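I have placed the structure first, in the form of structure tokens, so that the comments after it can refer back to it.
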Amino acid sequence: MSIQPGSMAARDLDALLHPQTHLGQHHRTGPMMLQRAEGVYMYDDQGKQYLEGLAGLWCTALGYGNEELARAAYDQIKQLSYAQLFASKSHEVGVLLAEKLKAMVPIPDARVFFGNSGSDANDSQIKLIWYYNNVMGRPQKKKIIGRVKGYHGITLASGSLTGLAMSHKGFDLPLPGGRFLHTDLPHYWRNALPGESEEEFATRLANNLEQLILKEGPDTVAAFIAEPVMGAGGVVTPPRTYFEKVQAVLKKYDVLFIDDEVICGFGRTGKPFGADTYGIEADTMSLAKALTSAYQPLSAVVVKGEIYQALLNAADDMGPFGHGYTYSGHPVACAVGLKTLEIYERDGIFARAAALSPQFQARLARFNNHPLVGEVRGVGLIGAVELVASKTTKAPFEPAGKVGAECLKHCHDEGLICRAIGDVMGFCPPLIITPAQIDELFDKFERAMAKTLDWANGQGLLAA
Ligand SMILES: Cc1ncc(COP(=O)(O)O)c(C=O)c1O
């Protein structure tokens, strides 16, 4: 693509520093300029239509241009455009949204702390748990265990929990001090030993987690953090019995479970939370993204009552709980969140996701036979296909990401937006997608895959 001088694309290169972008590639190809969106479709500045196959960044569950959400924001701006929650000030929509979440989450006697993003939610998790262990008289219990390829955000601390090389490289992360550890990636297809069953694989990983806790010293390990389905690390669904076995280890050593529901929360896996799908009994939960269907930036940390009670008991000794953001519980974001949850409930959106899942997963599974595909995986309305150089040996492409990038280009040509995570093609459409649109999504992807195969054959990239 040639970038016309003076065009918005050229001005983009002169003015923006793009997040999570290969900057050199960006200067060679220019941006994809998106201009408007309606329902599950986006339109670029040339009027080309794209089917949204990733719900923005796994977040726009109700699609685009929803009148009710726009109205909720407008009305709240007119009534109370801003109010803080610091120093005992409060407002109705903040209380109503916290009450609603408290009633929804599978966490006993929950309390809700609001932030603005998934990353700051996970930073808040870390700070809350450190603070909690300090007031509980165990100041040495501070280490947090994430997983290889887990994604929990990008700030200094949440980025340290993330287990992706790209998030660490060049940023001097994880933070020094030995407080951020990583255990195995629970990817059965890729990492099982020859002849190992899914259950045996889960047992081995739970044993490895136990060994790590013992090596570090259980009295130094505060928490384990996991996404029910790993999203940005390649849409990895957990092997059977994994969470059951992991939780038994955590309970044994009094290690808290932080459930990162930033992608899985609010119906994505076919149930309200990933915790419901996988039998996770979390101590705390991080929520963001679909909490407002991305119409406003809003996140929530939900903690069990027992943790809140410990903070409350310590308050007279510790003084004010010194954590929070200017926009913690921003009323406009809370009003939109409240309306989003009302729509989920009224329109049965979670049940709808569950009902659409068999069609979505069946269409995805058809790619199992494709010569480029090593594995197809997914649950609810999230899924992925992993592209490999050899179906038999599972050998990945070299260099990693080149074939995924090519496939993404063909998806865009076909009018489909999805995500290339290296050579894993990820799908996570808005939950309002219709059966016909699911077919449209995978018809487009089929054509993109055919072109990618031609190209890969032309380049001699497939193993003989
Ligand atoms: C599971 C999970 N946790 C945390 C985050 C970070 O959220 P944010 O980008 O809003 O900071 C993400 C973002 O994709 C995520 O997928």
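Ordered as shown in the structure tokens, chains take letters A, B, and onward, while each chain numbers its residues from 1 and ligands are numbered from 1 in the order shown.
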
Please write out the residues within 10 Å of ligand 1 as a PyMOL selection string, counting only C-alpha atoms and all ligand atoms. chain A and resi 57-59+115-123+150-155+158-159+161-162+225-233+259-265+286-289+294+297-299

Selection above as a file: C-alpha atoms, as a PDB file, in the first residue's frame:
ATOM      1  CA  LEU A  57      -9.967  -6.551  21.572  1.00  0.00           C
ATOM      2  CA  TRP A  58     -12.184  -9.336  22.980  1.00  0.00           C
ATOM      3  CA  CYS A  59     -14.459  -6.686  24.474  1.00  0.00           C
ATOM      4  CA  GLY A 115     -10.569   0.850  38.033  1.00  0.00           C
ATOM      5  CA  ASN A 116     -10.235   1.684  34.371  1.00  0.00           C
ATOM      6  CA  SER A 117      -8.510  -1.224  32.633  1.00  0.00           C
ATOM      7  CA  GLY A 118      -7.657  -4.884  32.958  1.00  0.00           C
ATOM      8  CA  SER A 119      -4.043  -3.977  33.661  1.00  0.00           C
ATOM      9  CA  ASP A 120      -4.847  -1.649  36.525  1.00  0.00           C
ATOM     10  CA  ALA A 121      -7.300  -4.230  37.895  1.00  0.00           C
ATOM     11  CA  ASN A 122      -4.478  -6.758  38.108  1.00  0.00           C
ATOM     12  CA  ASP A 123      -2.112  -4.164  39.591  1.00  0.00           C
ATOM     13  CA  GLY A 150      -0.636 -15.927  30.482  1.00  0.00           C
ATOM     14  CA  TYR A 151      -1.747 -12.366  29.768  1.00  0.00           C
ATOM     15  CA  HIS A 152      -2.695 -10.062  32.607  1.00  0.00           C
ATOM     16  CA  GLY A 153      -1.863  -6.647  31.240  1.00  0.00           C
ATOM     17  CA  ILE A 154       1.051  -4.451  30.565  1.00  0.00           C
ATOM     18  CA  THR A 155       1.738  -2.083  33.459  1.00  0.00           C
ATOM     19  CA  SER A 158       0.584  -6.738  35.744  1.00  0.00           C
ATOM     20  CA  GLY A 159       3.128  -6.979  32.907  1.00  0.00           C
ATOM     21  CA  LEU A 161       2.502 -11.410  35.818  1.00  0.00           C
ATOM     22  CA  THR A 162       2.087 -11.725  32.059  1.00  0.00           C
ATOM     23  CA  ILE A 225      -3.318 -15.868  38.810  1.00  0.00           C
ATOM     24  CA  ALA A 226      -4.964 -17.487  35.807  1.00  0.00           C
ATOM     25  CA  GLU A 227      -7.319 -16.754  32.960  1.00  0.00           C
ATOM     26  CA  PRO A 228      -9.925 -19.562  32.703  1.00  0.00           C
ATOM     27  CA  VAL A 229      -9.208 -19.603  28.943  1.00  0.00           C
ATOM     28  CA  MET A 230      -5.908 -17.961  28.024  1.00  0.00           C
ATOM     29  CA  GLY A 231      -6.701 -15.288  25.450  1.00  0.00           C
ATOM     30  CA  ALA A 232      -3.808 -13.192  24.203  1.00  0.00           C
ATOM     31  CA  GLY A 233      -1.414 -16.115  24.743  1.00  0.00           C
ATOM     32  CA  ASP A 259      -9.310 -15.363  38.565  1.00  0.00           C
ATOM     33  CA  ASP A 260      -8.567 -13.062  35.626  1.00  0.00           C
ATOM     34  CA  GLU A 261     -11.952 -12.906  33.885  1.00  0.00           C
ATOM     35  CA  VAL A 262     -11.057  -9.876  31.762  1.00  0.00           C
ATOM     36  CA  ILE A 263     -11.839 -11.852  28.561  1.00  0.00           C
ATOM     37  CA  CYS A 264     -13.900 -14.776  29.879  1.00  0.00           C
ATOM     38  CA  GLY A 265     -16.271 -12.751  32.055  1.00  0.00           C
ATOM     39  CA  SER A 286     -10.598  -9.193  37.718  1.00  0.00           C
ATOM     40  CA  LEU A 287     -13.275  -7.898  35.375  1.00  0.00           C
ATOM     41  CA  ALA A 288     -13.086  -5.379  32.525  1.00  0.00           C
ATOM     42  CA  LYS A 289     -13.781  -5.340  28.761  1.00  0.00           C
ATOM     43  CA  ALA A 294     -16.136  -1.514  25.871  1.00  0.00           C
ATOM     44  CA  PRO A 297     -13.165   2.065  30.087  1.00  0.00           C
ATOM     45  CA  LEU A 298     -14.034   0.318  33.337  1.00  0.00           C
ATOM     46  CA  SER A 299     -12.585  -2.529  35.364  1.00  0.00           C
TER      47      SER A 299
END

Range 362-375 of chain A environment, 8 Å, only C-alpha atoms, sequence neighbours closer than 5 positions dropped, as a list in words: Trp189, Gly383, Ala384, Val385, Glu386, Leu387, Val388, Ala389, Ser390, Lys391, Lys394, Asp439, Phe442, Leu453 and Leu462 of chain A

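Backbone DSSP assigns alpha helix (DSSP H) in range 30-75 of chain A to Ala55, Gly56, Leu57, Trp58, Glu67, Glu68, Leu69, Ala70, Arg71, Ala72, Ala73, Tyr74 and Asp75 of chain A.
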
Which residue, A:Pro31, A:Lys102, A:Pro5, A:Tyr131, has the smallest gap to His323 in chain A when you use only C-alpha atoms?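 Of A:Pro31, A:Lys102, A:Pro5, A:Tyr131, the one nearest His323 in chain A is A:Tyr131, counting only C-alpha atoms.
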
Select, from A:Asp184, A:Glu414, A:Asp219, A:Asp443, the residue with the minimum atom-to-atom distance to Leu205 in chain A, counting only C-alpha atoms. A:Asp184

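One finds CA of Pro399 in chain A at 23.1 Å from CA of Asp413 in chain A.
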
Among the residues A:Gln437, A:Ala165, A:Phe266, A:Asn191, the one that comes closest to Glu345 in chain A [using only C-alpha atoms]: A:Phe266

Pick from A:Glu99, A:Leu51, A:Ile77, A:Ala463 nearest to Leu341 in chain A, counting only C-alpha atoms: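 Of A:Glu99, A:Leu51, A:Ile77, A:Ala463, the one nearest Leu341 in chain A, counting only C-alpha atoms, is A:Glu99.
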
Applying 8 Å and only C-alpha atoms, which residues near Gly401 in chain A remain after dropping the ones on its own chain fewer than 5 positions away? List them as a PyMOL selection string. chain A and resi 420-423

Output C-alpha atoms for every residue in the selection just made, as an mmCIF file, in the first residue's frame.
data_model
loop_
_atom_site.group_PDB
_atom_site.id
_atom_site.type_symbol
_atom_site.label_atom_id
_atom_site.label_comp_id
_atom_site.auth_asym_id
_atom_site.auth_seq_id
_atom_site.Cartn_x
_atom_site.Cartn_y
_atom_site.Cartn_z
ATOM 1 C CA ALA A 420 -3.087 -13.246 14.470
ATOM 2 C CA ILE A 421 -1.338 -14.243 17.696
ATOM 3 C CA GLY A 422 1.896 -15.306 16.064
ATOM 4 C CA ASP A 423 0.603 -18.166 13.911
#

State, in Å with one decimal place, the distance from CA of Cys428 in chain A to CA of Ala400 in chain A.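 About the pair CA of Cys428 in chain A and CA of Ala400 in chain A: they are 22.2 Å apart.
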
Backbone-only DSSP, strand (DSSP E or B) members of range 80-175 of chain A, as an NGL selection string: :A and (111-115 or 143-147)

Go ahead and save the picked residues with C-alpha atoms, as a PDB file, in the first residue's frame.
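File produced: part.pdb:
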ATOM      1  CA  ARG A 111     -16.743  -6.323  47.634  1.00  0.00           C
ATOM      2  CA  VAL A 112     -15.994  -4.401  44.454  1.00  0.00           C
ATOM      3  CA  PHE A 113     -13.137  -1.982  43.716  1.00  0.00           C
ATOM      4  CA  PHE A 114     -13.380  -0.071  40.428  1.00  0.00           C
ATOM      5  CA  GLY A 115     -10.569   0.850  38.033  1.00  0.00           C
ATOM      6  CA  LYS A 143       5.109 -13.937  45.590  1.00  0.00           C
ATOM      7  CA  ILE A 144       2.557 -14.311  42.821  1.00  0.00           C
ATOM      8  CA  ILE A 145       2.585 -17.154  40.319  1.00  0.00           C
ATOM      9  CA  GLY A 146       1.389 -16.551  36.767  1.00  0.00           C
ATOM     10  CA  ARG A 147       1.768 -18.909  33.812  1.00  0.00           C
TER      11      ARG A 147
END

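Rounded to one decimal, CA of Val105 in chain A and CA of Ala222 in chain A lie 22.1 Å from each other.
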
Just checking: using only C-alpha atoms, which residue out of A:Phe397, A:Tyr132, A:Phe201, A:Phe180 ends up closest to Ala314 in chain A?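 Looking only at the distances to Ala314 in chain A, the closest residue turns out to be A:Tyr132.
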
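The protein and nucleic acid residues lying at most 8 Å from Met33 in chain A are Ala9, Asp44 and Asp45 of chain A, with only C-alpha atoms considered and sequence neighbours fewer than 5 positions away removed.
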
Could you dump the residues just selected with C-alpha atoms as a short mmCIF file (atom, residue, chain, number, x, y, z; two decimals), in the first residue's frame?
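Result file follows (again.cif):
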data_model
loop_
_atom_site.label_atom_id
_atom_site.label_comp_id
_atom_site.auth_asym_id
_atom_site.auth_seq_id
_atom_site.Cartn_x
_atom_site.Cartn_y
_atom_site.Cartn_z
CA ALA A 9 -2.60 7.47 7.21
CA ASP A 44 -12.88 1.67 6.97
CA ASP A 45 -12.28 5.12 5.49
#

Find the spatial neighbours of Glu198 in chain A, counting only C-alpha atoms, within a cut-off of 7 Å - ignore same-chain residues fewer than 4 positions away - and output them as number ranges by chain. A: 188, 202, 239-240

So that I have them on file, write out the residues from the current selection with C-alpha atoms, as a JSON list (two decimals), in the first residue's frame.
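See out16.json below for the written result:
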[["chain", "number", "residue", "atom", "x", "y", "z"],
["A", 188, "TYR", "CA", -2.11, -30.20, 26.16],
["A", 202, "ALA", "CA", -3.09, -31.87, 34.24],
["A", 239, "PRO", "CA", -7.04, -29.58, 29.90],
["A", 240, "ARG", "CA", -9.67, -31.66, 31.68]]

Range 267-275 of chain A environment, 9 Å, only C-alpha atoms, sequence neighbours closer than 5 positions dropped, as a PDB file with N, CA and C atoms, in the first residue's frame:
ATOM      1  N   ALA A  61     -18.904  -6.939  23.417  1.00  0.00           N
ATOM      2  CA  ALA A  61     -19.849  -8.062  23.422  1.00  0.00           C
ATOM      3  C   ALA A  61     -21.188  -7.702  22.792  1.00  0.00           C
ATOM      4  N   MET A 104     -23.833 -11.250  41.094  1.00  0.00           N
ATOM      5  CA  MET A 104     -23.547 -12.126  39.942  1.00  0.00           C
ATOM      6  C   MET A 104     -22.380 -13.075  40.151  1.00  0.00           C
ATOM      7  N   VAL A 105     -21.319 -12.611  40.841  1.00  0.00           N
ATOM      8  CA  VAL A 105     -20.068 -13.381  40.866  1.00  0.00           C
ATOM      9  C   VAL A 105     -20.135 -14.558  41.840  1.00  0.00           C
ATOM     10  N   PRO A 106     -19.426 -15.638  41.508  1.00  0.00           N
ATOM     11  CA  PRO A 106     -19.408 -16.783  42.432  1.00  0.00           C
ATOM     12  C   PRO A 106     -18.362 -16.600  43.528  1.00  0.00           C
ATOM     13  N   GLU A 227      -6.130 -16.968  33.784  1.00  0.00           N
ATOM     14  CA  GLU A 227      -7.319 -16.754  32.960  1.00  0.00           C
ATOM     15  C   GLU A 227      -7.967 -18.135  32.789  1.00  0.00           C
ATOM     16  N   PRO A 228      -9.283 -18.252  32.926  1.00  0.00           N
ATOM     17  CA  PRO A 228      -9.925 -19.562  32.703  1.00  0.00           C
ATOM     18  C   PRO A 228      -9.579 -20.118  31.316  1.00  0.00           C
ATOM     19  N   VAL A 229      -9.742 -19.286  30.275  1.00  0.00           N
ATOM     20  CA  VAL A 229      -9.208 -19.603  28.943  1.00  0.00           C
ATOM     21  C   VAL A 229      -8.165 -18.539  28.650  1.00  0.00           C
ATOM     22  N   ASP A 259      -8.695 -14.920  39.818  1.00  0.00           N
ATOM     23  CA  ASP A 259      -9.310 -15.363  38.565  1.00  0.00           C
ATOM     24  C   ASP A 259      -9.390 -14.160  37.626  1.00  0.00           C
ATOM     25  N   GLU A 261     -10.786 -12.707  34.769  1.00  0.00           N
ATOM     26  CA  GLU A 261     -11.952 -12.906  33.885  1.00  0.00           C
ATOM     27  C   GLU A 261     -12.085 -11.764  32.887  1.00  0.00           C
ATOM     28  N   ILE A 280     -14.099 -23.041  38.947  1.00  0.00           N
ATOM     29  CA  ILE A 280     -13.076 -22.315  39.702  1.00  0.00           C
ATOM     30  C   ILE A 280     -13.727 -21.631  40.906  1.00  0.00           C
ATOM     31  N   GLU A 281     -13.147 -21.849  42.077  1.00  0.00           N
ATOM     32  CA  GLU A 281     -13.614 -21.148  43.278  1.00  0.00           C
ATOM     33  C   GLU A 281     -12.572 -20.112  43.629  1.00  0.00           C
ATOM     34  N   ALA A 282     -12.745 -18.933  43.046  1.00  0.00           N
ATOM     35  CA  ALA A 282     -11.713 -17.903  43.184  1.00  0.00           C
ATOM     36  C   ALA A 282     -11.860 -17.136  44.492  1.00  0.00           C
ATOM     37  N   ALA A 290     -15.906  -6.626  28.665  1.00  0.00           N
ATOM     38  CA  ALA A 290     -17.352  -6.760  28.440  1.00  0.00           C
ATOM     39  C   ALA A 290     -18.195  -6.224  29.601  1.00  0.00           C
ATOM     40  N   TYR A 344     -27.602  -7.648  29.119  1.00  0.00           N
ATOM     41  CA  TYR A 344     -27.212  -9.067  29.151  1.00  0.00           C
ATOM     42  C   TYR A 344     -28.342  -9.911  29.739  1.00  0.00           C
ATOM     43  N   ILE A 349     -28.275 -12.788  26.985  1.00  0.00           N
ATOM     44  CA  ILE A 349     -27.074 -12.816  26.128  1.00  0.00           C
ATOM     45  C   ILE A 349     -26.159 -13.993  26.464  1.00  0.00           C
ATOM     46  N   PHE A 350     -26.055 -14.370  27.727  1.00  0.00           N
ATOM     47  CA  PHE A 350     -25.147 -15.472  28.073  1.00  0.00           C
ATOM     48  C   PHE A 350     -25.711 -16.803  27.535  1.00  0.00           C
ATOM     49  N   ALA A 351     -27.044 -16.967  27.678  1.00  0.00           N
ATOM     50  CA  ALA A 351     -27.685 -18.186  27.157  1.00  0.00           C
ATOM     51  C   ALA A 351     -27.587 -18.207  25.640  1.00  0.00           C
ATOM     52  N   ARG A 352     -27.651 -17.028  25.037  1.00  0.00           N
ATOM     53  CA  ARG A 352     -27.536 -16.926  23.586  1.00  0.00           C
ATOM     54  C   ARG A 352     -26.151 -17.395  23.130  1.00  0.00           C
ATOM     55  N   ALA A 353     -25.122 -16.959  23.892  1.00  0.00           N
ATOM     56  CA  ALA A 353     -23.753 -17.392  23.555  1.00  0.00           C
ATOM     57  C   ALA A 353     -23.646 -18.910  23.663  1.00  0.00           C
ATOM     58  N   ALA A 354     -24.259 -19.466  24.701  1.00  0.00           N
ATOM     59  CA  ALA A 354     -24.215 -20.927  24.880  1.00  0.00           C
ATOM     60  C   ALA A 354     -24.937 -21.620  23.733  1.00  0.00           C
ATOM     61  N   ALA A 355     -26.066 -21.039  23.302  1.00  0.00           N
ATOM     62  CA  ALA A 355     -26.853 -21.665  22.236  1.00  0.00           C
ATOM     63  C   ALA A 355     -26.131 -21.590  20.889  1.00  0.00           C
ATOM     64  N   LEU A 356     -25.386 -20.514  20.658  1.00  0.00           N
ATOM     65  CA  LEU A 356     -24.672 -20.354  19.382  1.00  0.00           C
ATOM     66  C   LEU A 356     -23.361 -21.134  19.346  1.00  0.00           C
ATOM     67  N   SER A 357     -22.888 -21.513  20.532  1.00  0.00           N
ATOM     68  CA  SER A 357     -21.569 -22.148  20.625  1.00  0.00           C
ATOM     69  C   SER A 357     -21.418 -23.410  19.760  1.00  0.00           C
ATOM     70  N   GLY A 378     -11.343 -24.223  21.387  1.00  0.00           N
ATOM     71  CA  GLY A 378     -12.271 -23.159  21.742  1.00  0.00           C
ATOM     72  C   GLY A 378     -13.336 -23.643  22.699  1.00  0.00           C
ATOM     73  N   VAL A 379     -14.146 -22.694  23.159  1.00  0.00           N
ATOM     74  CA  VAL A 379     -15.275 -22.969  24.047  1.00  0.00           C
ATOM     75  C   VAL A 379     -16.208 -21.759  23.917  1.00  0.00           C
ATOM     76  N   GLY A 380     -17.502 -21.978  24.073  1.00  0.00           N
ATOM     77  CA  GLY A 380     -18.435 -20.852  23.984  1.00  0.00           C
ATOM     78  C   GLY A 380     -18.281 -20.146  22.653  1.00  0.00           C
ATOM     79  N   LEU A 381     -18.090 -18.819  22.708  1.00  0.00           N
ATOM     80  CA  LEU A 381     -17.884 -18.065  21.470  1.00  0.00           C
ATOM     81  C   LEU A 381     -16.465 -17.501  21.408  1.00  0.00           C
ATOM     82  N   ILE A 382     -15.504 -18.325  21.772  1.00  0.00           N
ATOM     83  CA  ILE A 382     -14.097 -17.955  21.615  1.00  0.00           C
ATOM     84  C   ILE A 382     -13.392 -19.189  21.048  1.00  0.00           C
ATOM     85  N   CYS A 428     -13.290 -14.215  18.414  1.00  0.00           N
ATOM     86  CA  CYS A 428     -14.039 -13.887  19.634  1.00  0.00           C
ATOM     87  C   CYS A 428     -15.075 -12.824  19.241  1.00  0.00           C
ATOM     88  N   LEU A 431     -21.101 -11.068  21.124  1.00  0.00           N
ATOM     89  CA  LEU A 431     -22.056 -12.116  21.516  1.00  0.00           C
ATOM     90  C   LEU A 431     -23.410 -11.932  20.821  1.00  0.00           C
TER      91      LEU A 431
END

Tell me which protein, DNA and RNA residues are within 12 Å of His91 in chain A, counting only C-alpha atoms, leaving out same-chain ones fewer than 3 positions away, and put them as a VMD selection string. chain A and resid 76 79 to 86 88 94 to 98 328 to 332 334 to 335

Looking at A:Gln211, A:Gln296, A:Thr60, A:Thr241, which one is nearest to Leu338 in chain A, with distances taken over only C-alpha atoms? A:Gln296
